[in-house]
Every structure is written in structure tokens, then in C-alpha cells.
Amino acid sequence: MPELVFFSGTMDCGKSTLALQIEHNRSARGLQGMIFTRDDRAGEGKLSSRLGLVTDAIEAADDFDFYAHLVDHLSRGGRADYVIADEAQFLAPDQIDQLARVVDDLGLDVFAFGITTDFRSKLFPGSQRLVELADRVEVLQVEALCWCGARATHNARTIGGEMVVEGAQVVVGDVNQSADEVGYEVLCRRHHRRRTTAATARAGALSPDVLPVDTAAAAPGSAVRV
């Protein structure tokens, strides 16, 4: 049976790489897919991975209708055996409904890839709708790591290395941006709550007397409390 599958995870966990791998595996078996994306880091009409892999894709703008596009393509004699939709968090809920209709009415597998929550740890509308409608939600097993080494579960937006919690929900950026650009960093829940990025953690560690101790006040042989 065809399925709507949502592959989710934080930034930098290999979602686009997996999308490209699924495309490779299926095309190697003679299947033909249609690839869609939205606001990819490589530019309009591209699906790219941080590993350097890239392929052409159809840009799904705000007014794009997935179901109508597939019906038109098939009616003209085109072929489509499956659908890949990357950066699905940026899609509108109505567009997710269209993808579900592609599965139910056209009998095509749809593989959607995206992050679940934004930099404020709030659900993207597209991701919320996918969770509501998907036949399966798969959390990617390649875990991104916070700067502290713990599993990263949250996406943080940064400017100059400092975490920001205000602004538009969708601002295109990437990890490892220069200091004066809007960038993103993956953090564990604790450090997202504390707004502690790798840059601010280093600054704090380099500050003198982070935990000042008056060793002169301690009696000889007694323990020093910090």
C-alpha cells in the first residue's frame, strides 16, 4: 500500500542526504520519482545535502498545488512512481493535505523530509500537519550533537553566535555561518532553554573567576566549598 512517510529530525541530522539516497536507490531500479523542495540552501529548484550532493528539484512556492501538478503530469503521459518533498516544514497545511491526496487518490508513495520545530521550539504548521496525517513518522537515527556532546533535539537561531528567540518563523540560513549572518545551531533541550550556544559557552568558560573561591578563608585541611 502507498504511504505518506514523514522523516523528521533536527538540522544537520542527514534528512536531505537520506532523500537523495532514496532517490538513488529507486532510480537505480528503474523507478521515476518527482522531487520537490522549498527554500533549499543551494538555491531555487535544488535539493542539496551538506555532504555536497545536489540534484534538481521543483520549487514548491506558496501557491503550488502538488495534487494538480501530479495529475497534469500524469495526464500528459508523464511517469511518476513516487514523490519526494524536502524542506516540508516550510509547506502550508493545505499543501500537506495535497500530498496525502496524492497517496490516497493517485496511489503514489510520498516521502516528506523536514524539521519538526522552529528556533523557538514551536511546531512548523507544515510539520504539525504531517504528524497529523502521515502513515508513519520516522525520526532519523543519525543523531546531531549539541556542543556539549548530548543529543541535539532543538534548533537555535543565532546572530553573532548568540541565540535569538524573536523574529519571523522562516528565515533561510544554515549551520556554520559567519558571525555577522543569521545562522542556526542544534542544541540539547537544556542548553536551548538556557540559550547557551557553543560561542557563549566558550565565552563563559574563558571569563575569569567563573566560580570565585576564597581559599585564604578556608581552614588548613578543610574542604573548600564551591
# chains A, B, ... in the order shown; residues from 1 in each chain; ligands from 1

$ residues_around --residues "segment 85-98 of chain A" --least-positions-apart "5" --cutoff "10 Å" --atoms "only C-alpha atoms" --output "CSV table (one decimal) with C-alpha atoms, in the first residue's frame"
chain,number,residue,atom,x,y,z
A,4,LEU,CA,2.8,9.2,3.3
A,6,PHE,CA,7.4,11.9,7.3
A,7,PHE,CA,11.2,11.7,8.1
A,8,SER,CA,11.9,14.2,10.8
A,15,LYS,CA,17.4,14.4,6.2
A,16,SER,CA,18.4,15.7,2.7
A,19,ALA,CA,16.2,11.9,0.5
A,20,LEU,CA,18.9,11.8,-2.1
A,34,MET,CA,9.3,13.6,-8.8
A,35,ILE,CA,11.3,15.7,-6.4
A,36,PHE,CA,10.1,18.9,-4.8
A,37,THR,CA,11.7,21.3,-2.3
A,38,ARG,CA,11.3,24.7,-0.7
A,39,ASP,CA,13.9,27.2,0.2
A,40,ASP,CA,16.9,24.9,-0.1
A,46,LYS,CA,17.7,22.4,-5.9
A,47,LEU,CA,17.8,19.6,-3.3
A,48,SER,CA,21.2,19.6,-1.6
A,57,ALA,CA,14.0,19.7,-7.9
A,58,ILE,CA,10.7,21.5,-8.5
A,59,GLU,CA,10.4,24.6,-6.2
A,60,ALA,CA,7.1,24.4,-4.3
A,61,ALA,CA,6.0,28.0,-3.8
A,62,ASP,CA,3.2,29.2,-1.6
A,63,ASP,CA,0.6,28.7,-4.3
A,64,PHE,CA,1.9,25.4,-5.6
A,65,ASP,CA,-0.6,22.6,-5.8
A,66,PHE,CA,1.1,19.2,-5.5
A,67,TYR,CA,-2.0,17.2,-6.5
A,68,ALA,CA,-2.9,19.3,-9.5
A,103,VAL,CA,-1.1,8.9,-1.8
A,104,ASP,CA,-4.8,8.1,-1.5
A,110,VAL,CA,5.2,10.2,-0.7
A,111,PHE,CA,8.4,10.7,1.3
A,112,ALA,CA,8.5,14.1,3.1
A,113,PHE,CA,11.5,15.4,4.9
A,114,GLY,CA,11.7,18.2,7.4
A,115,ILE,CA,12.5,19.5,10.8
A,116,THR,CA,9.6,19.5,13.3
A,117,THR,CA,10.1,22.6,15.4
A,118,ASP,CA,11.4,26.1,14.7
A,123,LEU,CA,5.9,23.4,15.6
A,124,PHE,CA,6.0,24.4,12.0
A,125,PRO,CA,2.5,24.3,10.6
A,126,GLY,CA,3.6,22.0,7.8
A,127,SER,CA,5.3,19.6,10.2
A,128,GLN,CA,2.3,19.6,12.5
A,129,ARG,CA,0.0,18.7,9.6
A,130,LEU,CA,2.4,15.9,8.6
A,132,GLU,CA,-1.4,14.5,12.0
A,133,LEU,CA,-1.7,12.9,8.6
A,134,ALA,CA,1.3,10.7,8.0
A,169,GLN,CA,9.4,31.8,11.7
A,170,VAL,CA,11.1,31.2,8.3

$ select_by_dssp --residues "segment 6-79 of chain A" --states "helix (DSSP H, G or I)" --output "ChimeraX atom specification"
/A:15-27,66-75

$ closest_residue --among "A:Val165, A:Val83, A:Ala150, A:Met11" --to "His69 of chain A" --atoms "only C-alpha atoms"
A:Val83

$ residues_around --residues "Val186 of chain A" --least-positions-apart "2" --cutoff "10 Å" --atoms "only C-alpha atoms" --output "list of chain:residue names"
A:Thr10, A:Met11, A:Asp12, A:Cys13, A:Phe119, A:Ala144, A:Leu145, A:Cys146, A:Trp147, A:Arg151, A:Ala152, A:Thr153, A:His154, A:Asn155, A:Ala156, A:Arg157, A:Val175, A:Tyr184, A:Cys188, A:Arg189, A:His191, A:His192, A:Thr197, A:Ala198
